[in-house]
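See structure below.
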Amino acid sequence: RDDVRWDRTRVVMLLMSFVSIGIGWSRIQVRTQRKNSLYRHRLQFESVLRGKRSWSSSETSMNDQKSQSNHGPVVVWFRKGLRIHDNLALASAVKYATQSKSTILPVFTLDPYFLDPEKVGAVRLSFLLESLCDLDLNLKKFGSALLLLKGSPDSVLIDFLQSKNASALYFERDSEPYAKKRDAEIVQLCEKSNVKVFTEHGHTLFDLEYLLKQCTNKKAPSSMPEFLRLMDSVGNPETPLSLERVLGVSNTNEKLDPCLQIPAEYLDSDSFKIPKSLEDDEDLVKSGYRNIDASGAKFKGGESEALLMLESFCKRDSGKAVEQFSKPHTSPCAFDPQSTTGLSAYLKFGCISARRFFHRIVSKAKTQPPVSLVGQLYWREHFYLLGYAHGASFSTMKGNALCRQIDWRTTEEEPDFARAWEEGRTGFPWIDACMRQLRQEGWLHHLARHSVACFLTRGDLWISWEFGQKVFDRYLIDADWSINAANWMWLSCSAFFHQYFRVYSPIAFPKKYDKSGHFVRKYVPELKDIPDKYIYEPWNAPADVQKKAKCVVGIDYPRPIVDHSVASKQNMDRMSIAFAANKESNASTSKTTPPTKRMKKA
DNA sequence: AATTACGTTGGGAAA
DNA sequence: TTTTCCCAACGTAAT
């Protein structure tokens, strides 16, 4: 029997290999064509640098450069993209500055809009400062440096451009609503000040505007299978640039490019210094970052660290970690080290290029998107594209075309539930451990995020996902506007995912990964001596067991704030009502605006 | 038009 | 221990 099956398998495989040769060949043809088109793009890209018209959707087009007499410095404005490798804005600026024999001035503006512990937690701000320091060091290897400007970009950046008589401004486009508005204002002000502005894509695998144009009906895919078809149609992203290659040097010692030599006056001045830590900086302390603990941070910000982490993950388990990577099989309970790459925050700030990450691992993987490592980059791309296409409404329930309208309870209605969840005092060890890890380290495994998000919304507490989104946005070092909003809609069954009867149990779910509760014992130390049997449900431990573990529920550790089996069932009923109501309202809105189909029929 | 297959990662009993 | 099916049953897209 086995032999027969084996033979049949071999025959099938043999046939398939012929077929796949055919497929492979047509793929090669497609790839070649695509390469050509990429190459064409590259040529046009070069021509941008020579002063011709831009092929990309730069906000302002460039006039004939040769007629320009302004040889003032070229300012590169860093916001995300805190790296020198594969930085298209920096690379373009280098070419422009070389042509116009001018100097590059890299700047970062520390925008007071973000300097609020309610918006940006101490751990993420520390990560940013570390990333800025590292970028400064990396620029210094080339004779340059990062200049920090404190204040709102529309005043400090514009003042800087004017006072230095800058000829051009370069930056990487940002798809988030706040950034888009901010950048549009800067472009306008630059036009008035006669500073030319050039923008490049770079934060995502593809230029989002380009991706949107490739979509059928210019509508961003709303499911992963649909998004994968889009990825299939556009092929691989461009290979990453290195600054050395842009400069035409093999190493930094060879020769320092003149356009990157920063005048000594900038290095000597104290006014552009990057604070080493939150407490060291008077302005940050004034903004409220006083007595705020960032010591739990586990990830050190910066490009250098990101590249080391990528390499070390590639070596993990002799390459098997990358080869066999399958997200659902990674553990949310692993913390030393975590089971995933831990690169999310570095991608968020652009300390590492998504394209560099992609090309480093794409040929190694034996698993497929969406569970593979490339799949993880695709999820990021997918949600970035959706956020870009839908704009500001993407992160709110009301006015959001994608989002199911649900009568969640507000934090005002359930202040105790909301606070217990945020502070890790729900009485569910798994939920509390996750929330405490979030607050200490600013990072959680994806599945841990699922658990706590489900618990807050449709699972147990029936509190609005917008509250959860805000809390995540405050504490996560990798807080990413699009990704955060999309995942909160997903987990709360507001969009993308609809199977509301699939609820994560705060007791059963972690048992699959961590039977003895190492994770809980680390982050909720008051439970550390509770026997394995009760680690996820200490209220069920007999009184003498609780006493012996020096953890009496109700005294040393809170009682569970809800009965999970009761609450989750009640919420399923609420969900079914909410789904029906949405169906109803969707039907009535489509009635008021009759579709063209009906016209045809008539 | 009606039906079916599927969706990155649920839980739990039974086999 | 691992796999399979059922729970009560979603929306979307393909057929």
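If you're wondering about the labels, chains in the structure tokens are A, B, ... by order shown, residues count from 1 in each chain, ligands from 1 in order shown.
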Margin query: If DSSP is run on the backbone, what residues of range 114-299 of chain A are alpha helix (DSSP H)? A reply as a ChimeraX atom specification would be ideal.
Written below: /A:122-140,153-163,177-192,208-214,224-234,243-247,264-268,282-286
Give me the range 461-538 of chain A side of the contact with chain B, cut-off 6 Å, one line per residue showing its nearest atom pair and distance in Å at one decimal, counting only C-alpha atoms (C1' of nucleotides), sorted by chain and residue number, as CSV.
residue,atom,partner,partner_atom,distance
A:Arg502,CA,B:DG10,C1',4.7
A:Val503,CA,B:DG10,C1',5.6
A:Tyr504,CA,B:DG10,C1',5.8
Atoms to include: all heavy atoms. Write the selected residues as a PDB file, in the first residue's frame.
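again30.pdb written:
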ATOM      1  N   ARG A 502     -15.218  33.069  18.097  1.00  0.00           N
ATOM      2  CA  ARG A 502     -13.864  32.609  18.437  1.00  0.00           C
ATOM      3  C   ARG A 502     -13.254  33.588  19.424  1.00  0.00           C
ATOM      4  O   ARG A 502     -12.765  34.648  19.057  1.00  0.00           O
ATOM      5  CB  ARG A 502     -12.996  32.528  17.191  1.00  0.00           C
ATOM      6  CG  ARG A 502     -13.411  31.408  16.278  1.00  0.00           C
ATOM      7  CD  ARG A 502     -12.389  31.177  15.215  1.00  0.00           C
ATOM      8  NE  ARG A 502     -12.789  30.075  14.356  1.00  0.00           N
ATOM      9  CZ  ARG A 502     -12.111  29.668  13.297  1.00  0.00           C
ATOM     10  NH1 ARG A 502     -10.985  30.285  12.974  1.00  0.00           N
ATOM     11  NH2 ARG A 502     -12.534  28.670  12.570  1.00  0.00           N
ATOM     12  N   VAL A 503     -13.311  33.225  20.680  1.00  0.00           N
ATOM     13  CA  VAL A 503     -12.836  34.108  21.744  1.00  0.00           C
ATOM     14  C   VAL A 503     -11.620  33.482  22.418  1.00  0.00           C
ATOM     15  O   VAL A 503     -11.596  32.280  22.672  1.00  0.00           O
ATOM     16  CB  VAL A 503     -13.958  34.360  22.779  1.00  0.00           C
ATOM     17  CG1 VAL A 503     -13.451  35.179  23.950  1.00  0.00           C
ATOM     18  CG2 VAL A 503     -15.156  35.033  22.132  1.00  0.00           C
ATOM     19  N   TYR A 504     -10.631  34.321  22.666  1.00  0.00           N
ATOM     20  CA  TYR A 504      -9.445  33.844  23.389  1.00  0.00           C
ATOM     21  C   TYR A 504      -9.789  33.694  24.867  1.00  0.00           C
ATOM     22  O   TYR A 504     -10.311  34.627  25.485  1.00  0.00           O
ATOM     23  CB  TYR A 504      -8.301  34.844  23.268  1.00  0.00           C
ATOM     24  CG  TYR A 504      -7.664  34.897  21.905  1.00  0.00           C
ATOM     25  CD1 TYR A 504      -8.187  35.693  20.899  1.00  0.00           C
ATOM     26  CD2 TYR A 504      -6.521  34.155  21.637  1.00  0.00           C
ATOM     27  CE1 TYR A 504      -7.593  35.750  19.653  1.00  0.00           C
ATOM     28  CE2 TYR A 504      -5.914  34.200  20.399  1.00  0.00           C
ATOM     29  CZ  TYR A 504      -6.459  35.003  19.403  1.00  0.00           C
ATOM     30  OH  TYR A 504      -5.866  35.055  18.176  1.00  0.00           O
TER      31      TYR A 504
END
Note to self: So that I can check the surroundings of range 1-13 of chain C, please list as a list in words every protein, DNA and RNA residue that reaches within 7 Å of it, counting only C-alpha atoms (C1' of nucleotides) and ignoring chain neighbours fewer than 5 positions away.
What the structure shows: His498, Gln499 and Tyr500 of chain A
Restricted to C-alpha atoms, what would the selected residues look like written as a short mmCIF file (atom, residue, chain, number, x, y, z; two decimals), in the first residue's frame?
data_model
loop_
_atom_site.label_atom_id
_atom_site.label_comp_id
_atom_site.auth_asym_id
_atom_site.auth_seq_id
_atom_site.Cartn_x
_atom_site.Cartn_y
_atom_site.Cartn_z
CA HIS A 498 -15.88 38.52 11.81
CA GLN A 499 -15.94 35.20 13.64
CA TYR A 500 -16.91 36.67 16.98
#
Only residues of chain A matter here; which ones have an atom within 10 Å of chain B, counting only C-alpha atoms (C1' of nucleotides)? Give them as a CSV table (one decimal) with N, CA and C atoms, in the first residue's frame.
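So result.csv came out as:
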chain,number,residue,atom,x,y,z
A,223,SER,N,-8.4,42.3,2.3
A,223,SER,CA,-8.1,40.9,2.9
A,223,SER,C,-6.7,40.5,2.5
A,224,MET,N,-6.2,39.6,3.2
A,224,MET,CA,-4.8,39.2,2.9
A,224,MET,C,-4.7,38.4,1.6
A,225,PRO,N,-5.6,37.5,1.3
A,225,PRO,CA,-5.5,36.9,0.0
A,225,PRO,C,-5.5,37.9,-1.2
A,326,SER,N,6.8,30.6,11.3
A,326,SER,CA,5.4,30.5,11.1
A,326,SER,C,4.7,31.2,12.3
A,327,LYS,N,4.2,32.4,12.0
A,327,LYS,CA,3.8,33.3,13.2
A,327,LYS,C,2.9,32.6,14.2
A,328,PRO,N,1.9,31.8,13.8
A,328,PRO,CA,1.0,31.2,14.8
A,328,PRO,C,1.8,30.2,15.7
A,329,HIS,N,2.9,29.7,15.2
A,329,HIS,CA,3.7,28.8,16.0
A,329,HIS,C,4.7,29.4,16.9
A,330,THR,N,4.9,30.7,16.8
A,330,THR,CA,5.8,31.4,17.7
A,330,THR,C,5.1,31.6,19.0
A,369,PRO,N,3.9,33.3,2.8
A,369,PRO,CA,3.0,34.3,3.4
A,369,PRO,C,1.6,33.8,3.5
A,370,PRO,N,0.7,34.2,4.4
A,370,PRO,CA,1.0,35.2,5.4
A,370,PRO,C,1.7,34.8,6.6
A,371,VAL,N,2.0,33.5,6.8
A,371,VAL,CA,2.6,33.2,8.1
A,371,VAL,C,4.1,33.3,8.2
A,372,SER,N,4.7,33.3,7.0
A,372,SER,CA,6.2,33.4,6.9
A,372,SER,C,6.7,34.8,7.4
A,375,GLY,N,5.7,37.3,5.0
A,375,GLY,CA,4.3,37.5,5.3
A,375,GLY,C,4.1,38.6,6.4
A,376,GLN,N,5.0,38.7,7.3
A,376,GLN,CA,4.9,39.7,8.4
A,376,GLN,C,5.1,41.1,7.8
A,379,TRP,N,1.9,42.0,6.0
A,379,TRP,CA,0.9,42.5,6.9
A,379,TRP,C,1.1,44.0,7.2
A,446,HIS,N,2.8,39.4,19.3
A,446,HIS,CA,1.5,39.6,18.6
A,446,HIS,C,0.3,38.9,19.2
A,447,LEU,N,0.5,37.7,19.6
A,447,LEU,CA,-0.6,36.9,20.1
A,447,LEU,C,-1.0,37.4,21.5
A,450,HIS,N,-3.2,40.1,20.8
A,450,HIS,CA,-4.5,39.5,20.5
A,450,HIS,C,-5.3,39.3,21.8
A,496,PHE,N,-12.4,43.3,9.0
A,496,PHE,CA,-11.4,42.3,8.5
A,496,PHE,C,-11.7,40.9,9.1
A,497,PHE,N,-12.1,40.8,10.3
A,497,PHE,CA,-12.3,39.5,11.0
A,497,PHE,C,-13.7,39.6,11.6
A,498,HIS,N,-14.5,38.5,11.4
A,498,HIS,CA,-15.9,38.5,11.8
A,498,HIS,C,-16.4,37.4,12.7
A,499,GLN,N,-15.5,36.4,12.9
A,499,GLN,CA,-15.9,35.2,13.6
A,499,GLN,C,-15.9,35.4,15.1
A,500,TYR,N,-16.9,36.2,15.6
A,500,TYR,CA,-16.9,36.7,17.0
A,500,TYR,C,-17.1,35.5,18.0
A,501,PHE,N,-17.5,34.4,17.5
A,501,PHE,CA,-17.6,33.3,18.5
A,501,PHE,C,-16.2,32.6,18.8
A,502,ARG,N,-15.2,33.1,18.1
A,502,ARG,CA,-13.9,32.6,18.4
A,502,ARG,C,-13.3,33.6,19.4
A,503,VAL,N,-13.3,33.2,20.7
A,503,VAL,CA,-12.8,34.1,21.7
A,503,VAL,C,-11.6,33.5,22.4
A,504,TYR,N,-10.6,34.3,22.7
A,504,TYR,CA,-9.4,33.8,23.4
A,504,TYR,C,-9.8,33.7,24.9
A,505,SER,N,-9.5,32.5,25.4
A,505,SER,CA,-9.7,32.4,26.8
A,505,SER,C,-8.4,32.8,27.6
A,508,ALA,N,-7.1,29.2,29.1
A,508,ALA,CA,-6.8,28.1,28.2
A,508,ALA,C,-5.7,28.5,27.2
A,509,PHE,N,-5.8,29.7,26.7
A,509,PHE,CA,-4.9,30.1,25.6
A,509,PHE,C,-3.4,30.0,26.0
Note to self: One number please: CA of Lys140 in chain A to CA of Ile186 in chain A, in Å, one decimal.
What the structure shows: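 Atom-to-atom, CA of Lys140 in chain A and CA of Ile186 in chain A are spaced 27.1 Å apart.
The space separating CA of Ile274 in chain A from CA of Phe108 in chain A comes to 9.5 Å.
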Check: When DSSP works through the backbone of this structure, what residues of range 58-166 of chain A end up as strand (DSSP E), shown as a list of chain:residue names?
Finding: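 Here is the list: A:Val74, A:Val75, A:Val76, A:Trp77, A:Phe78, A:Ile104, A:Leu105, A:Pro106, A:Val107, A:Phe108, A:Thr109, A:Leu110, A:Leu147, A:Leu148, A:Leu149, A:Lys150.
Going from CA of Cys454 in chain A to CA of Cys493 in chain A covers 9.0 Å.
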Next item on the list: Within 7 Å of Tyr170 in chain A, counting only C-alpha atoms (C1' of nucleotides), which residues show up once you throw out same-chain ones fewer than 6 positions away? Write them as a PyMOL selection string, please.
Entry: chain A and resi 75-77+89+93+197-199
Checklist line | All residues 8 Å or closer to Gly350 in chain A, only C-alpha atoms (C1' of nucleotides), same chain fewer than 6 positions away omitted, as a PyMOL selection string | finding: chain A and resi 80-83+203
